[in-house]
$ cat run01.txt   # compact mmCIF, C-alpha atoms
# COMPACT_ATOMS: atom_id res chain seq x y z
CA MET M 28 -18.61 11.91 8.28
CA SER M 29 -15.66 13.49 6.47
CA LEU M 30 -13.55 11.23 4.28
CA VAL M 31 -9.78 11.62 4.28
CA TYR M 32 -7.89 12.07 1.01
CA VAL M 33 -4.37 12.24 -0.33
CA GLN M 34 -4.40 14.03 -3.68
CA ASN M 35 -1.78 14.48 -6.36
CA PHE M 36 1.12 13.62 -4.13
CA SER M 37 4.05 13.15 -6.49
CA VAL M 38 6.98 10.81 -6.02
CA SER M 39 9.82 9.66 -8.23
CA LEU M 40 10.08 6.11 -9.58
CA ASP M 41 12.37 5.36 -6.69
CA GLY M 42 9.79 6.66 -4.24
CA PHE M 43 11.10 10.04 -3.13
CA GLY M 44 8.49 12.71 -2.37
CA THR M 45 11.08 15.44 -2.17
CA GLY M 46 14.76 15.71 -2.99
CA GLN M 47 17.76 16.22 -0.78
CA GLY M 48 18.94 19.64 0.34
CA THR M 49 15.65 21.49 0.82
CA SER M 50 15.99 25.20 1.57
CA ARG M 51 14.15 28.49 1.16
CA GLU M 52 15.57 28.70 -2.35
CA ALA M 53 14.92 25.01 -3.17
CA PRO M 54 11.63 23.85 -1.59
CA PHE M 55 12.04 20.38 -3.13
CA GLY M 56 15.84 20.20 -2.84
CA HIS M 57 17.70 18.77 -5.81
CA ALA M 58 14.36 17.56 -7.25
CA GLY M 59 13.49 21.11 -8.27
CA GLU M 60 10.13 21.20 -10.05
CA ARG M 61 10.61 17.86 -11.77
CA LEU M 62 8.16 15.91 -9.59
CA HIS M 63 5.38 18.32 -10.53
CA GLU M 64 6.03 19.01 -14.20
CA TRP M 65 3.13 16.77 -15.14
CA MET M 66 0.75 19.14 -13.33
CA PHE M 67 2.05 22.21 -15.10
CA LEU M 68 1.16 20.62 -18.44
CA THR M 69 -2.54 20.22 -17.63
CA ARG M 70 -5.47 22.43 -18.59
CA TRP M 71 -6.20 22.77 -14.88
CA TRP M 72 -2.89 24.45 -14.26
CA ARG M 73 -3.23 26.76 -17.25
CA GLU M 74 -6.69 27.82 -16.17
CA ARG M 75 -5.34 28.86 -12.77
CA SER M 76 -3.00 31.24 -14.58
CA ALA M 77 -5.78 32.22 -17.01
CA GLU M 78 -3.74 30.74 -19.85
CA PRO M 79 -5.13 28.75 -22.77
CA GLY M 80 -4.06 25.22 -23.65
CA GLY M 81 -2.81 22.42 -21.48
CA SER M 82 -3.55 18.71 -21.80
CA GLY M 83 -7.04 17.45 -21.02
CA GLY M 84 -6.29 13.79 -20.45
CA VAL M 85 -5.97 11.59 -17.41
CA ASP M 86 -3.42 13.85 -15.71
CA ASP M 87 -5.90 16.72 -15.87
CA ALA M 88 -8.71 14.50 -14.58
CA PHE M 89 -6.72 13.53 -11.53
CA VAL M 90 -5.24 16.93 -10.70
CA ARG M 91 -8.63 18.62 -10.95
CA ARG M 92 -10.00 16.72 -7.98
CA HIS M 93 -7.86 18.95 -5.77
CA ASP M 94 -10.40 21.73 -5.80
CA VAL M 95 -13.65 19.98 -4.98
CA GLY M 96 -15.25 18.95 -1.72
CA ILE M 97 -12.37 19.55 0.68
CA GLY M 98 -13.09 21.33 3.95
CA ALA M 99 -9.70 21.21 5.68
CA GLU M 100 -6.07 20.25 5.02
CA ILE M 101 -3.45 18.76 7.30
CA MET M 102 0.17 19.35 6.33
CA GLY M 103 3.57 18.79 7.87
CA ALA M 104 5.94 21.49 9.00
CA GLY M 105 8.21 20.53 6.11
CA LYS M 106 5.52 21.37 3.58
CA PHE M 107 4.60 24.65 5.22
CA GLY M 108 8.08 26.10 5.15
CA TYR M 109 11.82 25.76 4.64
CA PRO M 110 13.98 24.18 7.38
CA GLY M 111 14.03 26.81 10.12
CA TRP M 112 10.86 28.71 9.15
CA HIS M 113 9.66 28.54 12.74
CA GLU M 114 12.38 31.04 13.66
CA ASP M 115 10.94 33.55 11.19
CA PRO M 116 7.89 35.26 12.70
CA ASP M 117 6.85 36.64 9.30
CA TRP M 118 6.79 33.32 7.44
CA LYS M 119 3.32 32.62 6.07
CA GLY M 120 3.94 29.64 3.80
CA TRP M 121 5.09 29.38 0.20
CA TRP M 122 1.82 30.31 -1.41
CA GLY M 123 1.50 34.10 -1.10
CA PRO M 124 -1.38 36.13 0.34
CA ASN M 125 -4.14 34.02 -1.28
CA PRO M 126 -3.09 30.37 -0.90
CA PRO M 127 -4.72 27.64 -3.00
CA PHE M 128 -6.35 25.90 -0.03
CA HIS M 129 -9.34 28.18 0.77
CA THR M 130 -10.02 26.17 3.95
CA PRO M 131 -8.57 25.80 7.43
CA VAL M 132 -5.08 24.24 7.21
CA PHE M 133 -3.60 22.42 10.18
CA VAL M 134 0.19 22.59 10.22
CA LEU M 135 1.75 19.83 12.33
CA THR M 136 4.70 21.35 14.18
CA ARG M 137 6.34 21.34 17.56
CA HIS M 138 6.65 25.13 17.23
CA VAL M 139 3.10 26.34 17.60
CA ARG M 140 2.12 29.96 17.03
CA ALA M 141 -1.13 31.90 16.73
CA PRO M 142 -3.34 31.13 13.71
CA ILE M 143 -2.75 33.15 10.55
CA GLU M 144 -5.75 34.21 8.52
CA MET M 145 -5.01 34.61 4.82
CA GLU M 146 -7.09 35.85 1.92
CA GLY M 147 -9.52 33.55 0.15
CA GLY M 148 -10.58 31.46 3.13
CA THR M 149 -7.27 29.86 4.13
CA THR M 150 -6.41 29.98 7.82
CA TYR M 151 -3.24 28.33 9.09
CA HIS M 152 -3.55 26.63 12.48
CA PHE M 153 -0.37 25.36 14.11
CA VAL M 154 -0.82 22.24 16.16
CA ASP M 155 1.50 19.92 18.04
CA ALA M 156 -0.56 16.75 17.96
CA PRO M 157 -0.37 13.12 16.81
CA PRO M 158 -2.16 12.17 13.57
CA ALA M 159 -5.46 10.97 15.06
CA GLU M 160 -5.82 14.07 17.20
CA ALA M 161 -5.00 16.44 14.36
CA LEU M 162 -7.58 14.59 12.31
CA SER M 163 -10.24 15.22 14.95
CA MET M 164 -9.55 18.95 14.79
CA ALA M 165 -9.61 18.93 11.00
CA ARG M 166 -12.83 16.93 11.01
CA GLU M 167 -14.55 19.52 13.13
CA ALA M 168 -13.26 22.33 10.92
CA ALA M 169 -14.25 20.56 7.69
CA ARG M 170 -17.98 20.55 8.56
CA GLY M 171 -18.70 17.31 6.76
CA GLN M 172 -16.51 18.03 3.74
CA GLY M 173 -13.38 16.01 2.97
CA ILE M 174 -10.01 16.35 4.64
CA ARG M 175 -6.86 16.47 2.57
CA ILE M 176 -3.58 15.09 3.93
CA GLY M 177 -1.36 17.45 2.01
CA GLY M 178 2.13 16.05 2.67
CA GLY M 179 5.03 15.88 2.82
CA ALA M 180 6.03 12.26 2.47
CA ILE M 181 6.50 11.60 6.17
CA VAL M 182 3.06 12.93 7.10
CA ILE M 183 1.33 10.93 4.36
CA ARG M 184 3.19 7.79 5.35
CA ASP M 185 2.19 8.30 9.00
CA PHE M 186 -1.50 8.68 8.18
CA LEU M 187 -1.47 5.75 5.73
CA ALA M 188 0.32 3.46 8.18
CA ARG M 189 -2.34 4.19 10.80
CA GLY M 190 -5.17 3.45 8.36
CA LEU M 191 -6.47 7.01 8.69
CA VAL M 192 -6.73 7.66 4.94
CA ASP M 193 -9.81 6.65 2.92
CA HIS M 194 -8.60 7.48 -0.59
CA ALA M 195 -5.02 8.19 -1.61
CA HIS M 196 -3.76 9.29 -5.00
CA VAL M 197 -0.01 9.16 -5.61
CA ALA M 198 1.44 10.25 -8.94
CA VAL M 199 4.68 8.50 -9.86
CA ALA M 200 6.82 10.69 -12.12
CA PRO M 201 9.24 9.02 -14.56
CA ILE M 202 12.42 10.28 -12.93
CA LEU M 203 14.90 8.78 -10.49
CA LEU M 204 15.93 11.14 -7.71
CA GLY M 205 18.29 8.74 -5.94
CA ARG M 206 18.01 10.60 -2.59
CA GLY M 207 15.57 12.60 -0.53
CA VAL M 208 12.57 11.70 1.62
CA ARG M 209 10.96 8.32 0.86
CA LEU M 210 7.19 7.93 0.81
CA TRP M 211 6.98 4.14 0.99
CA ASP M 212 9.05 3.36 4.09
CA GLY M 213 7.25 1.43 6.80
CA LEU M 214 4.19 0.61 4.68
CA GLU M 215 4.79 -3.13 4.22
CA ALA M 216 1.65 -5.02 3.14
CA LEU M 217 -0.39 -1.83 2.67
CA GLU M 218 -2.22 -3.69 -0.11
CA GLN M 219 -3.96 -5.79 2.55
CA ASN M 220 -5.80 -2.71 3.78
CA TYR M 221 -6.09 -0.81 0.49
CA ALA M 222 -7.21 -1.80 -2.99
CA ILE M 223 -4.59 -0.43 -5.36
CA GLU M 224 -5.16 0.66 -8.95
CA ALA M 225 -2.64 1.96 -11.46
CA THR M 226 -3.39 4.26 -14.40
CA SER M 227 -0.59 5.45 -16.62
CA SER M 228 -0.73 8.62 -18.66
CA PRO M 229 0.83 9.31 -22.06
CA GLY M 230 3.25 11.67 -20.33
CA GLY M 231 4.78 8.74 -18.45
CA VAL M 232 3.22 9.43 -15.05
CA THR M 233 1.51 6.55 -13.26
CA HIS M 234 -1.42 7.45 -11.08
CA LEU M 235 -1.73 5.06 -8.16
CA THR M 236 -4.94 5.08 -6.17
CA PHE M 237 -5.40 3.44 -2.79
CA THR M 238 -8.94 2.80 -1.58
CA ARG M 239 -9.35 1.59 1.96
CA ARG M 240 -11.01 -1.81 2.11
CA ALA M 241 -14.13 -2.25 4.20
CA PRO M 242 -13.11 -3.53 7.63
CA MET H 15 25.41 -6.20 -32.92
CA SER H 16 23.41 -7.80 -30.08
CA LEU H 17 21.09 -5.54 -28.14
CA VAL H 18 20.86 -5.91 -24.39
CA TYR H 19 17.47 -6.37 -22.70
CA VAL H 20 15.90 -6.53 -19.28
CA GLN H 21 12.56 -8.34 -19.53
CA ASN H 22 9.71 -8.78 -17.08
CA PHE H 23 11.76 -7.91 -14.05
CA SER H 24 9.21 -7.43 -11.27
CA VAL H 25 9.48 -5.08 -8.34
CA SER H 26 7.09 -3.92 -5.64
CA LEU H 27 5.72 -0.37 -5.49
CA ASP H 28 8.45 0.38 -3.00
CA GLY H 29 11.08 -0.91 -5.42
CA PHE H 30 12.09 -4.30 -4.02
CA GLY H 31 13.03 -6.96 -6.58
CA THR H 32 13.07 -9.70 -3.97
CA GLY H 33 12.01 -9.95 -0.35
CA GLN H 34 14.01 -10.45 2.79
CA GLY H 35 15.06 -13.88 4.04
CA THR H 36 15.75 -15.73 0.81
CA SER H 37 16.49 -19.42 1.21
CA ARG H 38 16.21 -22.72 -0.65
CA GLU H 39 12.60 -22.93 0.55
CA ALA H 40 11.83 -19.26 -0.17
CA PRO H 41 13.62 -18.11 -3.34
CA PHE H 42 12.04 -14.63 -3.05
CA GLY H 43 12.08 -14.44 0.75
CA HIS H 44 8.99 -13.02 2.41
CA ALA H 45 7.77 -11.81 -1.01
CA GLY H 46 6.81 -15.36 -1.94
CA GLU H 47 5.27 -15.46 -5.40
CA ARG H 48 3.52 -12.14 -5.05
CA LEU H 49 5.84 -10.20 -7.35
CA HIS H 50 5.09 -12.61 -10.18
CA GLU H 51 1.39 -13.30 -9.79
CA TRP H 52 0.62 -11.06 -12.73
CA MET H 53 2.60 -13.44 -14.99
CA PHE H 54 0.74 -16.52 -13.79
CA LEU H 55 -2.53 -14.92 -14.91
CA THR H 56 -1.47 -14.53 -18.55
CA ARG H 57 -2.23 -16.74 -21.53
CA TRP H 58 1.52 -17.09 -22.00
CA TRP H 59 1.93 -18.77 -18.65
CA ARG H 60 -1.02 -21.08 -19.18
CA GLU H 61 0.30 -22.14 -22.57
CA ARG H 62 3.58 -23.16 -20.98
CA SER H 63 1.61 -25.54 -18.77
CA ALA H 64 -0.62 -26.55 -21.71
CA GLU H 65 -3.58 -25.06 -19.86
CA PRO H 66 -6.41 -23.08 -21.44
CA GLY H 67 -7.40 -19.55 -20.43
CA GLY H 68 -5.31 -16.72 -19.06
CA SER H 69 -5.57 -13.03 -19.83
CA GLY H 70 -4.58 -11.79 -23.26
CA GLY H 71 -4.05 -8.12 -22.50
CA VAL H 72 -1.03 -5.92 -22.00
CA ASP H 73 0.50 -8.17 -19.33
CA ASP H 74 0.50 -11.04 -21.80
CA ALA H 75 1.97 -8.84 -24.54
CA PHE H 76 4.88 -7.85 -22.34
CA VAL H 77 5.62 -11.24 -20.80
CA ARG H 78 5.59 -12.93 -24.19
CA ARG H 79 8.64 -11.02 -25.37
CA HIS H 80 10.71 -13.24 -23.10
CA ASP H 81 10.87 -16.03 -25.62
CA VAL H 82 11.87 -14.28 -28.82
CA GLY H 83 15.23 -13.28 -30.21
CA ILE H 84 17.43 -13.87 -27.19
CA GLY H 85 20.75 -15.65 -27.67
CA ALA H 86 22.24 -15.51 -24.17
CA GLU H 87 21.37 -14.55 -20.62
CA ILE H 88 23.47 -13.04 -17.85
CA MET H 89 22.27 -13.61 -14.30
CA GLY H 90 23.58 -13.03 -10.80
CA ALA H 91 24.56 -15.74 -8.35
CA GLY H 92 21.52 -14.77 -6.28
CA LYS H 93 19.17 -15.62 -9.13
CA PHE H 94 20.87 -18.92 -9.93
CA GLY H 95 20.57 -20.34 -6.45
CA TYR H 96 19.85 -19.98 -2.76
CA PRO H 97 22.42 -18.40 -0.41
CA GLY H 98 25.16 -21.04 -0.18
CA TRP H 99 24.40 -22.93 -3.41
CA HIS H 100 28.05 -22.73 -4.37
CA GLU H 101 28.80 -25.24 -1.59
CA ASP H 102 26.42 -27.75 -3.19
CA PRO H 103 28.16 -29.47 -6.12
CA ASP H 104 24.83 -30.88 -7.36
CA TRP H 105 22.96 -27.55 -7.55
CA LYS H 106 21.83 -26.87 -11.11
CA GLY H 107 19.50 -23.88 -10.66
CA TRP H 108 15.83 -23.65 -9.76
CA TRP H 109 14.44 -24.59 -13.13
CA GLY H 110 14.78 -28.36 -13.39
CA PRO H 111 16.40 -30.41 -16.17
CA ASN H 112 14.95 -28.30 -19.03
CA PRO H 113 15.27 -24.65 -17.99
CA PRO H 114 13.26 -21.94 -19.76
CA PHE H 115 16.34 -20.20 -21.18
CA HIS H 116 17.34 -22.48 -24.10
CA THR H 117 20.57 -20.46 -24.59
CA PRO H 118 23.94 -20.10 -22.93
CA VAL H 119 23.50 -18.53 -19.47
CA PHE H 120 26.36 -16.68 -17.80
CA VAL H 121 26.15 -16.83 -14.01
CA LEU H 122 28.15 -14.07 -12.33
CA THR H 123 29.80 -15.57 -9.26
CA ARG H 124 33.06 -15.55 -7.39
CA HIS H 125 32.72 -19.32 -7.09
CA VAL H 126 33.33 -20.53 -10.61
CA ARG H 127 32.82 -24.15 -11.60
CA ALA H 128 32.73 -26.13 -14.86
CA PRO H 129 29.88 -25.38 -17.28
CA ILE H 130 26.69 -27.43 -16.89
CA GLU H 131 24.87 -28.48 -20.01
CA MET H 132 21.12 -28.90 -19.50
CA GLU H 133 18.35 -30.14 -21.76
CA GLY H 134 16.75 -27.85 -24.30
CA GLY H 135 19.79 -25.76 -25.19
CA THR H 136 20.57 -24.16 -21.84
CA THR H 137 24.20 -24.27 -20.74
CA TYR H 138 25.25 -22.59 -17.49
CA HIS H 139 28.65 -20.90 -17.57
CA PHE H 140 30.07 -19.61 -14.29
CA VAL H 141 32.14 -16.47 -14.63
CA ASP H 142 33.86 -14.15 -12.20
CA ALA H 143 33.90 -10.97 -14.28
CA PRO H 144 32.74 -7.35 -14.18
CA PRO H 145 29.62 -6.41 -16.18
CA ALA H 146 31.32 -5.22 -19.37
CA GLU H 147 33.49 -8.31 -19.58
CA ALA H 148 30.60 -10.69 -18.95
CA LEU H 149 28.72 -8.85 -21.65
CA SER H 150 31.53 -9.48 -24.14
CA MET H 151 31.34 -13.21 -23.45
CA ALA H 152 27.55 -13.21 -23.76
CA ARG H 153 27.76 -11.21 -26.97
CA GLU H 154 30.01 -13.80 -28.53
CA ALA H 155 27.73 -16.62 -27.39
CA ALA H 156 24.56 -14.86 -28.58
CA ARG H 157 25.68 -14.86 -32.24
CA GLY H 158 23.91 -11.64 -33.10
CA GLN H 159 20.76 -12.34 -31.12
CA GLY H 160 19.78 -10.33 -28.05
CA ILE H 161 21.24 -10.65 -24.58
CA ARG H 162 18.96 -10.78 -21.57
CA ILE H 163 20.11 -9.37 -18.22
CA GLY H 164 18.05 -11.73 -16.10
CA GLY H 165 18.47 -10.30 -12.60
CA GLY H 166 18.43 -10.12 -9.70
CA ALA H 167 18.01 -6.51 -8.72
CA ILE H 168 21.68 -5.84 -8.02
CA VAL H 169 22.82 -7.18 -11.37
CA ILE H 170 20.21 -5.18 -13.28
CA ARG H 171 21.06 -2.04 -11.38
CA ASP H 172 24.79 -2.54 -12.13
CA PHE H 173 24.20 -2.95 -15.86
CA LEU H 174 21.75 -0.01 -16.00
CA ALA H 175 24.07 2.29 -14.07
CA ARG H 176 26.87 1.55 -16.55
CA GLY H 177 24.61 2.28 -19.53
CA LEU H 178 25.04 -1.30 -20.80
CA VAL H 179 21.31 -1.95 -21.30
CA ASP H 180 19.48 -0.95 -24.51
CA HIS H 181 15.90 -1.79 -23.52
CA ALA H 182 14.65 -2.49 -20.03
CA HIS H 183 11.19 -3.59 -18.98
CA VAL H 184 10.34 -3.45 -15.28
CA ALA H 185 6.91 -4.55 -14.04
CA VAL H 186 5.79 -2.78 -10.88
CA ALA H 187 3.40 -4.97 -8.88
CA PRO H 188 0.80 -3.30 -6.64
CA ILE H 189 2.22 -4.55 -3.35
CA LEU H 190 4.49 -3.03 -0.72
CA LEU H 191 7.22 -5.37 0.49
CA GLY H 192 8.83 -2.98 2.95
CA ARG H 193 12.17 -4.82 2.90
CA GLY H 194 14.40 -6.82 0.60
CA VAL H 195 16.75 -5.93 -2.25
CA ARG H 196 16.08 -2.57 -3.90
CA LEU H 197 16.28 -2.17 -7.67
CA TRP H 198 16.46 1.61 -7.90
CA ASP H 199 19.40 2.40 -5.63
CA GLY H 200 22.23 4.32 -7.24
CA LEU H 201 20.32 5.14 -10.43
CA GLU H 202 19.81 8.87 -9.87
CA ALA H 203 18.92 10.75 -13.08
CA LEU H 204 18.61 7.55 -15.14
CA GLU H 205 15.94 9.43 -17.15
CA GLN H 206 18.71 11.51 -18.71
CA ASN H 207 20.06 8.42 -20.46
CA TYR H 208 16.81 6.53 -20.97
CA ALA H 209 13.40 7.50 -22.30
CA ILE H 210 10.87 6.12 -19.84
CA GLU H 211 7.33 5.02 -20.66
CA ALA H 212 4.66 3.73 -18.29
CA THR H 213 1.78 1.42 -19.23
CA SER H 214 -0.62 0.25 -16.58
CA SER H 215 -2.63 -2.94 -16.86
CA PRO H 216 -6.12 -3.63 -15.53
CA GLY H 217 -4.55 -5.97 -12.98
CA GLY H 218 -2.78 -3.04 -11.34
CA VAL H 219 0.71 -3.72 -12.67
CA THR H 220 2.60 -0.85 -14.26
CA HIS H 221 4.97 -1.75 -17.05
CA LEU H 222 7.91 0.63 -17.18
CA THR H 223 10.10 0.62 -20.25
CA PHE H 224 13.50 2.27 -20.48
CA THR H 225 14.93 2.91 -23.94
CA ARG H 226 18.49 4.12 -24.14
CA ARG H 227 18.75 7.52 -25.77
CA ALA H 228 21.02 7.98 -28.76
CA PRO H 229 24.38 9.28 -27.54
$ encode --input "run01.txt" --output "structure tokens"
Amino acid sequence: MSLVYVQNFSVSLDGFGTGQGTSREAPFGHAGERLHEWMFLTRWWRERSAEPGGSGGVDDAFVRRHDVGIGAEIMGAGKFGYPGWHEDPDWKGWWGPNPPFHTPVFVLTRHVRAPIEMEGGTTYHFVDAPPAEALSMAREAARGQGIRIGGGAIVIRDFLARGLVDHAHVAVAPILLGRGVRLWDGLEALEQNYAIEATSSPGGVTHLTFTRRAP
Amino acid sequence: MSLVYVQNFSVSLDGFGTGQGTSREAPFGHAGERLHEWMFLTRWWRERSAEPGGSGGVDDAFVRRHDVGIGAEIMGAGKFGYPGWHEDPDWKGWWGPNPPFHTPVFVLTRHVRAPIEMEGGTTYHFVDAPPAEALSMAREAARGQGIRIGGGAIVIRDFLARGLVDHAHVAVAPILLGRGVRLWDGLEALEQNYAIEATSSPGGVTHLTFTRRAP
């Protein structure tokens, strides 16, 4: 049975998973790259660009789990593209010809289109389905490996609220965005269903992990 | 010159400093005591009740700073009493005849009344003044010692937004309240004026510290 994961989803101290004013030029709106700077400083990130250096501490340990044991990803339309991407027949995501997923990716959207096969094992499937149904499709595609709920904030919040996530990792960056899309809305008393741990890193990021309690 | 501190102010993961539905029976609304449970588990708390035990780790180290070097506190009307306390001439705060402040306390309220002298050095002064002006009064009363901005969330946010705080310590408890009074509203880009550190404790609390940058 596949387990369901949220990995390395970054929010600001005030809980925003993306900024305001997202566009093709500004995928995270006024947040820019600031939510993800902690990742760029890790060894993991440097290795992906075949560069030396990078920090090898707790940030690296967390971010590195992205690559292992995942057989499918589910993402929202707002992660896959800029507002209005569905009107662009050539849009194939932000990640170039060889995206970093290397698995089937299920894009939740009301504007379905034919699947897009990319290099390196990533295939984008466009589905108009509620969370549990999308999860069934991803489960079949994952062939026993894990399923990543890739974001954005609204998608993660939906899956968490329905108790569909087994393990979630949220990285809280030491910035205040003030506006954007909130991760935590509608998750009152989540701690009753999830054991929560906090691990801070020297860079100021706090890694929160949520582990679903046995029923 | 007195420095200005926020100490041990607790918020939920989703940023609420108090719950919804505060009343005389429920000072923190639906949050109950859950924001402050981490304090009750420390050695510091036990010592105040002359009880043995309690944890001696990072939570204790932070909470213990409450008692040292403070010469005055500023608090909001919502910390001093329940909604409507100003209509009760006998209301003298939540803390009994010997409150844990032991200094002058300036209560920001539109409903001023004569000062109330309590046991143990606490005197409540009721002032209808904007933050900077209240701070001047507290500074005079503190005689060179520190000034604590005691809360609630709105008061802390007001003083932080105006750059009036030198050192702030916010404890993030691993619960999601979903509703209440938010601490972080209106503090966009606070990291430009404050260096932010995060320290997590084994109990799941994350201690955030904000240190004002040199101008």
$ atom_distance --input "run01.txt" --atom1 "atom CA of H:Gly83" --atom2 "atom CA of H:Glu61"
19.0 Å
$ residues_around --input "run01.txt" --residues "stretch 59-66 of chain M" --least-positions-apart "2" --cutoff "7 Å" --atoms "only C-alpha atoms" --output "list in words"
Ser37, Val38, Ser39, Ala53, Phe55, Gly56, His57, Leu68, Thr69, Trp72, Val90 and Ala200 of chain M
$ write_last_selection --input "run01.txt" --atoms "C-alpha atoms" --output "PDB file, keeping the file's coordinate frame"
ATOM      1  CA  SER M  37       4.050  13.150  -6.490  1.00  0.00           C
ATOM      2  CA  VAL M  38       6.980  10.810  -6.020  1.00  0.00           C
ATOM      3  CA  SER M  39       9.820   9.660  -8.230  1.00  0.00           C
ATOM      4  CA  ALA M  53      14.920  25.010  -3.170  1.00  0.00           C
ATOM      5  CA  PHE M  55      12.040  20.380  -3.130  1.00  0.00           C
ATOM      6  CA  GLY M  56      15.840  20.200  -2.840  1.00  0.00           C
ATOM      7  CA  HIS M  57      17.700  18.770  -5.810  1.00  0.00           C
ATOM      8  CA  LEU M  68       1.160  20.620 -18.440  1.00  0.00           C
ATOM      9  CA  THR M  69      -2.540  20.220 -17.630  1.00  0.00           C
ATOM     10  CA  TRP M  72      -2.890  24.450 -14.260  1.00  0.00           C
ATOM     11  CA  VAL M  90      -5.240  16.930 -10.700  1.00  0.00           C
ATOM     12  CA  ALA M 200       6.820  10.690 -12.120  1.00  0.00           C
TER      13      ALA M 200
END
$ residues_around --input "run01.txt" --residues "M:Ile183" --least-positions-apart "5" --cutoff "8 Å" --atoms "only C-alpha atoms" --output "list of chain:residue names"
M:Val33, M:Ile176, M:Gly177, M:Gly178, M:Leu210
$ write_last_selection --input "run01.txt" --atoms "C-alpha atoms" --output "PDB file, keeping the file's coordinate frame"
ATOM      1  CA  VAL M  33      -4.370  12.240  -0.330  1.00  0.00           C
ATOM      2  CA  ILE M 176      -3.580  15.090   3.930  1.00  0.00           C
ATOM      3  CA  GLY M 177      -1.360  17.450   2.010  1.00  0.00           C
ATOM      4  CA  GLY M 178       2.130  16.050   2.670  1.00  0.00           C
ATOM      5  CA  LEU M 210       7.190   7.930   0.810  1.00  0.00           C
TER       6      LEU M 210
END
$ atom_distance --input "run01.txt" --atom1 "atom CA of H:Ala167" --atom2 "atom CA of M:Asp41"
13.3 Å
$ interface_residues --input "run01.txt" --of "chain M" --to "chain H" --cutoff "6 Å" --atoms "all atoms listed in the file" --output "PyMOL selection string"
chain M and resi 41+202-205+211+215-216+218+224-227+231
$ residues_around --input "run01.txt" --residues "stretch 124-137 of chain M" --least-positions-apart "2" --cutoff "8 Å" --atoms "all atoms listed in the file" --output "count of residues only"
27
$ closest_residue --input "run01.txt" --among "M:Asp115, M:Asp94, M:Glu52, M:Asp86" --to "M:Gln172" --atoms "only C-alpha atoms"
M:Asp94
$ atom_distance --input "run01.txt" --atom1 "atom CA of H:Pro103" --atom2 "atom CA of H:Pro41"
18.7 Å
$ closest_residue --input "run01.txt" --among "M:Arg73, M:Glu144, M:Pro242, M:Arg91" --to "M:Gly190" --atoms "only C-alpha atoms"
M:Pro242
